[in-house]
Protein chains: 2
Amino acid sequence: MITLFKNPSQIITVETNGLNFKRGISMNAISLLENHSLLIEDGKILDLIPNNSLGRKKFDQIIDLKDKVILPGLIDCHTHTAFAGSRSGEFRERLAGVSYEEIAEKGGGINSTVRSVRQSSLEDLVELMKPRIQRFIQQGVTTLEIKSGYGLSYFDEIKILKALDQIKQWSAITIIPTFLGAHTFPPEYQHEKNGYIKLLTEQILPYVAQNKLAKFCDGFCEKTAFNSNEIDQIFTVATELGLPLKLHTEQFNNIGGLETALKHNATSVDHLEVLADTDIQKLSKSETVSVLLPGVSFFLNYGFAPARKLIENDAIVALATDYNPGSSHISNLHLIISMACISMGMSVEEAISAVTINAAKALGLENEVGSLEIGKSADLMVLDTTEFSDLVYFVGENKNYMTIKNGNIIYQKSE
Amino acid sequence: MITLFKNPSQIITVETNGLNFKRGISMNAISLLENHSLLIEDGKILDLIPNNSLGRKKFDQIIDLKDKVILPGLIDCHTHTAFAGSRSGEFRERLAGVSYEEIAEKGGGINSTVRSVRQSSLEDLVELMKPRIQRFIQQGVTTLEIKSGYGLSYFDEIKILKALDQIKQWSAITIIPTFLGAHTFPPEYQHEKNGYIKLLTEQILPYVAQNKLAKFCDGFCEKTAFNSNEIDQIFTVATELGLPLKLHTEQFNNIGGLETALKHNATSVDHLEVLADTDIQKLSKSETVSVLLPGVSFFLNYGFAPARKLIENDAIVALATDYNPGSSHISNLHLIISMACISMGMSVEEAISAVTINAAKALGLENEVGSLEIGKSADLMVLDTTEFSDLVYFVGENKNYMTIKNGNIIYQKSE
C-alpha cells in the first residue's frame with residue numbers, strides 16, 4: 001500500500017548526510033523542499049518527489065497537505081513521565097517565599113513523588129501516563145523516552161518499568177524506557193549508601209537487563225545524589241550487562257560526572273547547565289550527545305546550558321522537556337524549542353535538528369527515525385501553516401495539525 | 001432564571017474589600033472558598049453559599065463542577081490583536097544572527113506590519129481576529145483589550161477601530177478598543193513629526209472620540225517613537241476630548257514618559273522594564289495601574305520589570321500578554337502568568353489578582369468584572385483540576401475547562 005502526502009508548502013527533511021549526522025547544524029543545513037510530495041509504503045518513507053513528476057501515477061491513498069508543512073515526527077529524549085502525585089502546592093509555596101529546606105523538612109521535594117509512586121499500583125501508573133502521552137502525541141511527538149527513578153526500591157523500580165512495558169504495548173508511538181534507579185538515594189538508604197548501590201548493581205540492574213525492561217541505564221551525578229565513583233561502579237555493571245548509558249550531570253555542580261560518562265562512552269550526557277568552558281572540548285566531535293533541558297532552567301529560574309558554545313565546538317546537541325513534577329513541569333516540547341531559540345540563542349534550524357535527528361541519536365535510533373530519508377520509518381508531524389519557523393514563532397500555541405506514526409495518522413486537529 | 005454552579009473543589013473570589021481593591025495582593029489575600037457553590041441570576045453573581053445550606057432549594061439550571069475550580073474570568077488588558085501579516089521569517093533570521101538594523105533595512109520590523117495592515121481591508125482584519133479571539137476564549141479570557149496602532153493614517157487607524165467595532169458585535173466576550181495612533185511615526189512622516197502629531201490631535205482623535213470608537217487613548221514614549229513633549233500634546237487633546245489614557249513607557253529608556261502619564265492621571269502605565277528605582281515611589285499608592293508584560297522580556301530576551309519592588313511599594317500590578325507579531329508573539333495568558341511567577345517572583349495569588357481585579361482596574365472596569373462578588377457580571381473560568389495553583393504549575397498547558405460570560409457557557413473543553 002502506497003500513500004501520497006501531497007503538495008505541502010514545505011517539507012523539512014533534516015539532512016543527515018547518509019548515516020553521519022550533522023554536528024551543530026547551522027543555518028540552512030536542514031533541507032527544505034518546496035513543490036515536493038512524500039510517498040510512504042508499508043510504514044516507511046518510499047520517496048520524496050517533485051510535484052511535476054507525479055504525472056498520472058496511481059496511489060492507494062492520497063492525503064492533501066496544501067498549505068501545510070511536513071517535518072519529521074518530534075522526539076522527546078528525556079522525560080520522567082512515570083510519576084504520581086502533584087507538587088503544585090509545593091510550587092505555590094516556593095513562589096510565595098518558602099525555602100527549599102522548609103519544603104524538604106515538610107516531606108516535599110523528590111521524596112514526596114517517591115512516596116506517591118510507591119503508593120501507586122502498576123495499573124495506577126499506567127492510567128496516569130495515558131493522558132500525558134496523548135498530550136505528547138497532540139504535539140507531533142512520535143518517539144518518547146520515559147525514565148523510572150521514583151521507585152528507588154527493587155519492587156517499585158521494577159513496577160515502574162513494567163508499567164512502561166504496558167504503556168509500550170498500548171501507545172501508538174514508540175516509548176523508550178530508561179532505568180534510573182540511580183536518581184537519588186531513597187530515604188531508607190540515606191545513611192547506608194553502599195547498601196543501595198549494592199541493591200542496584202547486584203539485584204535490580206541484572207533483573208532489568210535480563211528481562212529487557214529498559215533500553216538504557218541512567219544516573220544523576222550531583223552533590224545531593226551520586227558522586228562520580230558511585231556512578232562509575234553502577235556504569236561498570238550496566239556495561240557488563242549490555243545496557244548503554246545516559247547521565248544527568250553538570251546540573252548544579254561539576255563533580256566529575258562528565259568524565260565518568262565519557263569514560264564509559266555514554267550515549268548522552270544530560271543537563272550541562274554548569275558545564276565548564278574547559279570541558280566543552282571533551283564533547284567536541286564526541287559521539288556522546290549533549291541533551292539540553294531549558295525547561296529546567298526556566299522552571300527553577302537559574303542559568304541555561306551553553307548551547308551556542310557546544311554547537312560552535314562541534315558537539316551534538318539535542319533538546320528535551322525533562323517533563324517531571326519538581327523541576328520542569330512542562331510537557332510542551334514546542335515551548336522548549338521556543339525557549340532554546342530565544343533564551344539559549346539556538347537558530348530555528350538547530351532547534352529542529354535537536355528534537356529530531358539529534359534526539360534520535362540520543363536514543364540510539366538515528367538509523368530508524370529523526371529525518372525524512374528513504375527507508376526510515378514514516379514518522380511525521382504536519383504543521384498547520386505554510387512556514388516551518390512558525391513551530392517556534394507561535395510561542396505557547398500548538399501548531400501541530402497531524403501526527404503520523406509508521407505511516408498511520410494517529411492524531412488530527414479538529415476544526 | 002437562576003443557575004447553580006454546584007460544588008467545585010475551590011472558588012477563588014479575589015477579595016476586593018468592597019470597591020477598593022488590593023494593592024500588591026499578598027499571600028492568602030485572595031479569598032479561597034471550599035464547600036461552597038455559586039448562584040447566578042440574569043448574568044450577574046447572585047450569591048456564594050455553603051453547600052450545606054443548599055437544602056431543597058430549586059434552581060432553573062444546575063451545572064455540576066465537582067473536582068473543578070472556579071475563578072473570575074481572565075482579563076487581558078494589553079494586546080495588539082488587530083494585526084495582519086506574519087513576522088515569522090524575520091524572527092527566524094534574527095535567531096540566526098541577522099541584526100535588527102539589517103532586518104529594518106530590508107523593510108522588516110513594525111513597518112512590515114503597518115504595510116500589511118494598510119493592505120488589508122476592514123473585513124480582512126475582522127476575519128484575522130476571529131480565530132485569535134477564539135484562542136483567548138479557550139483559555140478562559142472574558143475581557144480583552146485590543147489596540148489600533150498599525151494603521152498610522154487617518155484612513156487606516158479608523159479602519160482598524162471600525163474592525164474592532166465589528167469584532168465587538170461578533171464576539172462572545174467583552175472587547176475594549178484602545179486608540180494607539182501614537183504607536184510610532186509612520187514612514188511618510190519620519191521627517192515631519194509635527195505633521196503627524198497635528199494629524200493625530202486635529203483629525204483622528206476628534207473623530208475617534210466623537211464616534212466613540214475607542215475607550216482609551218494610548219501612546220508609546222520611547223527614543224524610537226514619541227518623546228514626552230509629544231505625548232504631553234497628544235494626552236492634553238485626548239483629555240479634552242474625554243478619553244482616558246494609557247502609555248507604553250520605560251520599556252528601553254527613561255525619557256520622561258512615566259511623569260507625563262502621571263501628570264495626566266493615566267489609567268495605566270505599561271511595560272516598565274527599565275523603571276528606575278527612584279520612580280517606583282511615584283507609583284506607590286497611585287491609582288495608575290502598572291501593567292507588566294513579561295512575554296516581551298522573554299520574547300526579546302532582555303530584563304523583566306521590577307514586579308516585586310512595585311508590589312512591595314504598594315503599586316497596583318496587572319499582567320497582560322502584549323500579544324503582537326514583533327515583540328511578544330504570545331497569545332497564551334496562562335504562560336504569561338507562569339512567567340510572572342517564575343521569572344519575576346510573583347506569587348500565584350499575586351499573579352491571579354494581576355489578570356483579574358487589577359487588570360479590570362487597568363481597563364476602568366473594576367466595578368463590573370474581575371472578582372466574584374455579588375452584583376458583578378458572572379464572568380468565570382473553570383479549571384479542570386481541584387487546585388487553583390495548577391493554573392500556573394501546568395506550564396504551557398491549557399487547564400481551562402469552561403469559559404462563562406454573563407452567566408452563559410461560551411466554551412467547554414471537549415473530552
# chains A, B, ... in the order shown; residues from 1 in each chain; ligands from 1
>>> residues_around(residues="segment 230-238 of chain A", least_positions_apart="3", cutoff="7 Å", atoms="only C-alpha atoms", output="PyMOL selection string")
chain A and resi 201+205+217+219+221+226-227+241-243+260
>>> write_last_selection(atoms="C-alpha atoms", output="compact mmCIF listing (two decimals), in the first residue's frame")
# COMPACT_ATOMS: atom_id res chain seq x y z
CA THR A 201 24.19 -3.37 40.89
CA LEU A 205 20.18 -3.96 37.24
CA CYS A 217 20.82 2.79 32.35
CA GLY A 219 22.04 8.12 36.77
CA CYS A 221 25.81 12.70 39.35
CA PHE A 226 25.58 10.11 43.44
CA ASN A 227 29.26 11.01 43.28
CA LEU A 241 25.06 -6.32 31.42
CA GLY A 242 24.95 -4.77 27.95
CA LEU A 243 22.97 -1.63 28.82
CA THR A 260 32.86 9.33 34.10
>>> interface_residues(of="chain B", to="chain A", cutoff="9 Å", atoms="only C-alpha atoms", output="ChimeraX atom specification")
/B:26-27,87-89,91-97,298-301,328-332,335,338-339,341-343,345-349,387-390,392-397
>>> write_last_selection(atoms="C-alpha atoms", output="mmCIF file, in the first residue's frame")
data_model
loop_
_atom_site.group_PDB
_atom_site.id
_atom_site.type_symbol
_atom_site.label_atom_id
_atom_site.label_comp_id
_atom_site.auth_asym_id
_atom_site.auth_seq_id
_atom_site.Cartn_x
_atom_site.Cartn_y
_atom_site.Cartn_z
ATOM 1 C CA SER B 26 -0.045 39.184 49.071
ATOM 2 C CA MET B 27 -0.111 35.534 50.093
ATOM 3 C CA ARG B 87 6.931 38.216 11.020
ATOM 4 C CA SER B 88 7.898 34.555 11.393
ATOM 5 C CA GLY B 89 10.647 34.809 8.775
ATOM 6 C CA PHE B 91 12.036 36.075 13.767
ATOM 7 C CA ARG B 92 13.927 33.135 12.227
ATOM 8 C CA GLU B 93 16.536 35.464 10.715
ATOM 9 C CA ARG B 94 17.033 37.287 13.990
ATOM 10 C CA LEU B 95 17.661 33.947 15.764
ATOM 11 C CA ALA B 96 20.167 33.035 13.073
ATOM 12 C CA GLY B 97 22.130 36.196 13.844
ATOM 13 C CA PHE B 298 11.008 36.625 27.273
ATOM 14 C CA PHE B 299 10.480 37.087 23.533
ATOM 15 C CA LEU B 300 13.172 39.764 23.133
ATOM 16 C CA ASN B 301 15.394 38.171 25.808
ATOM 17 C CA SER B 328 5.621 39.235 22.025
ATOM 18 C CA HIS B 329 4.098 36.683 19.685
ATOM 19 C CA ILE B 330 2.398 35.013 22.653
ATOM 20 C CA SER B 331 -1.380 34.883 22.986
ATOM 21 C CA ASN B 332 -1.183 32.411 25.859
ATOM 22 C CA LEU B 335 2.069 31.145 30.034
ATOM 23 C CA SER B 338 3.739 31.258 34.726
ATOM 24 C CA MET B 339 6.495 33.623 33.541
ATOM 25 C CA CYS B 341 5.607 33.838 38.876
ATOM 26 C CA ILE B 342 8.806 32.066 37.871
ATOM 27 C CA SER B 343 10.810 34.828 36.204
ATOM 28 C CA GLY B 345 8.997 36.353 41.512
ATOM 29 C CA MET B 346 5.267 36.962 41.808
ATOM 30 C CA SER B 347 3.227 34.589 43.953
ATOM 31 C CA VAL B 348 0.391 32.593 42.406
ATOM 32 C CA GLU B 349 -2.083 34.766 44.328
ATOM 33 C CA GLU B 387 -6.174 23.049 42.969
ATOM 34 C CA PHE B 388 -6.099 26.678 41.779
ATOM 35 C CA SER B 389 -2.300 26.890 41.591
ATOM 36 C CA ASP B 390 -2.401 24.356 38.718
ATOM 37 C CA VAL B 392 0.445 28.363 36.973
ATOM 38 C CA TYR B 393 2.030 24.958 37.668
ATOM 39 C CA PHE B 394 0.996 23.312 34.367
ATOM 40 C CA VAL B 395 3.375 25.455 32.319
ATOM 41 C CA GLY B 396 2.385 25.651 28.659
ATOM 42 C CA GLU B 397 -0.765 23.558 29.114
#
>>> atom_distance(atom1="atom CA of Leu383 of chain A", atom2="atom CA of Met1 of chain A")
24.6 Å
>>> select_by_dssp(residues="segment 48-194 of chain B", states="strand (DSSP E or B)", output="MDAnalysis selection string")
chainID B and resid 48:50 61:64 69:72 74:76 141:147 174:182
>>> closest_residue(among="A:Leu152, A:Ala359, A:Ile167, A:Val98", to="Met129 of chain A", atoms="only C-alpha atoms")
A:Ile167
>>> atom_distance(atom1="atom CA of Leu245 of chain A", atom2="atom CA of Tyr150 of chain A")
18.5 Å
>>> residues_around(residues="Ser112 of chain A", least_positions_apart="2", cutoff="10 Å", atoms="only C-alpha atoms", output="list in words")
Ala84, Gly85, Ser86, Arg87, Glu90, Ala104, Lys106, Gly107, Gly108, Gly109, Ile110, Val114, Arg115, Ser116, Val117, Arg118, Tyr150 and Gly326 of chain A
>>> closest_residue(among="A:Leu46, A:Val69, A:Met402, A:Ala362", to="Thr143 of chain A", atoms="only C-alpha atoms")
A:Ala362
>>> closest_residue(among="A:Ile40, A:Val141, A:Val208, A:Ile175", to="Leu161 of chain A", atoms="only C-alpha atoms")
A:Val208
>>> residues_around(residues="Ala305 of chain B", least_positions_apart="6", cutoff="10 Å", atoms="only C-alpha atoms", output="NGL selection string")
:B and (250-251 or 271-275 or 290-294 or 297 or 340 or 344)
>>> residues_around(residues="Ile280 of chain B", least_positions_apart="6", cutoff="12 Å", atoms="only C-alpha atoms", output="VMD selection string")
chain B and resid 250 258 to 259 272 to 274 286 290 305 to 317
>>> atom_distance(atom1="atom CA of Ala354 of chain B", atom2="atom CA of Asp42 of chain B")
27.1 Å
>>> closest_residue(among="B:Ser268, B:Gly140, B:Leu372, B:Lys282", to="Leu33 of chain B", atoms="only C-alpha atoms")
B:Leu372
>>> closest_residue(among="A:Thr224, A:Tyr411, A:Tyr207, A:Val382", to="Lys6 of chain A", atoms="only C-alpha atoms")
A:Val382
>>> residues_around(residues="segment 209-214 of chain A", least_positions_apart="4", cutoff="6 Å", atoms="only C-alpha atoms", output="VMD selection string")
chain A and resid 161 177 to 179
>>> write_last_selection(atoms="N, CA and C atoms", output="mmCIF file, in the first residue's frame")
data_model
loop_
_atom_site.group_PDB
_atom_site.id
_atom_site.type_symbol
_atom_site.label_atom_id
_atom_site.label_comp_id
_atom_site.auth_asym_id
_atom_site.auth_seq_id
_atom_site.Cartn_x
_atom_site.Cartn_y
_atom_site.Cartn_z
ATOM 1 N N LEU A 161 8.977 0.070 35.574
ATOM 2 C CA LEU A 161 9.421 -0.415 34.259
ATOM 3 C C LEU A 161 8.388 -1.359 33.648
ATOM 4 N N PRO A 177 12.015 2.994 27.313
ATOM 5 C CA PRO A 177 12.145 3.008 28.776
ATOM 6 C C PRO A 177 13.612 3.066 29.217
ATOM 7 N N THR A 178 13.887 3.916 30.184
ATOM 8 C CA THR A 178 15.236 4.051 30.739
ATOM 9 C C THR A 178 15.186 3.755 32.237
ATOM 10 N N PHE A 179 16.163 2.978 32.700
ATOM 11 C CA PHE A 179 16.241 2.650 34.123
ATOM 12 C C PHE A 179 17.043 3.728 34.851
#
>>> select_by_dssp(residues="segment 80-173 of chain A", states="helix (DSSP H, G or I)", output="JSON, numbers by chain")
{"A": [88, 89, 90, 91, 92, 93, 94, 95, 100, 101, 102, 103, 104, 105, 110, 111, 112, 113, 114, 115, 116, 117, 118, 119, 122, 123, 124, 125, 126, 127, 128, 129, 130, 131, 132, 133, 134, 135, 136, 137, 138, 154, 155, 156, 157, 158, 159, 160, 161, 162, 163, 164, 165, 166, 167, 168, 169, 170]}
>>> residues_around(residues="segment 405-407 of chain A", least_positions_apart="5", cutoff="9 Å", atoms="only C-alpha atoms", output="NGL selection string")
:A and (3 or 40-45 or 73 or 142 or 172-174 or 377-381)
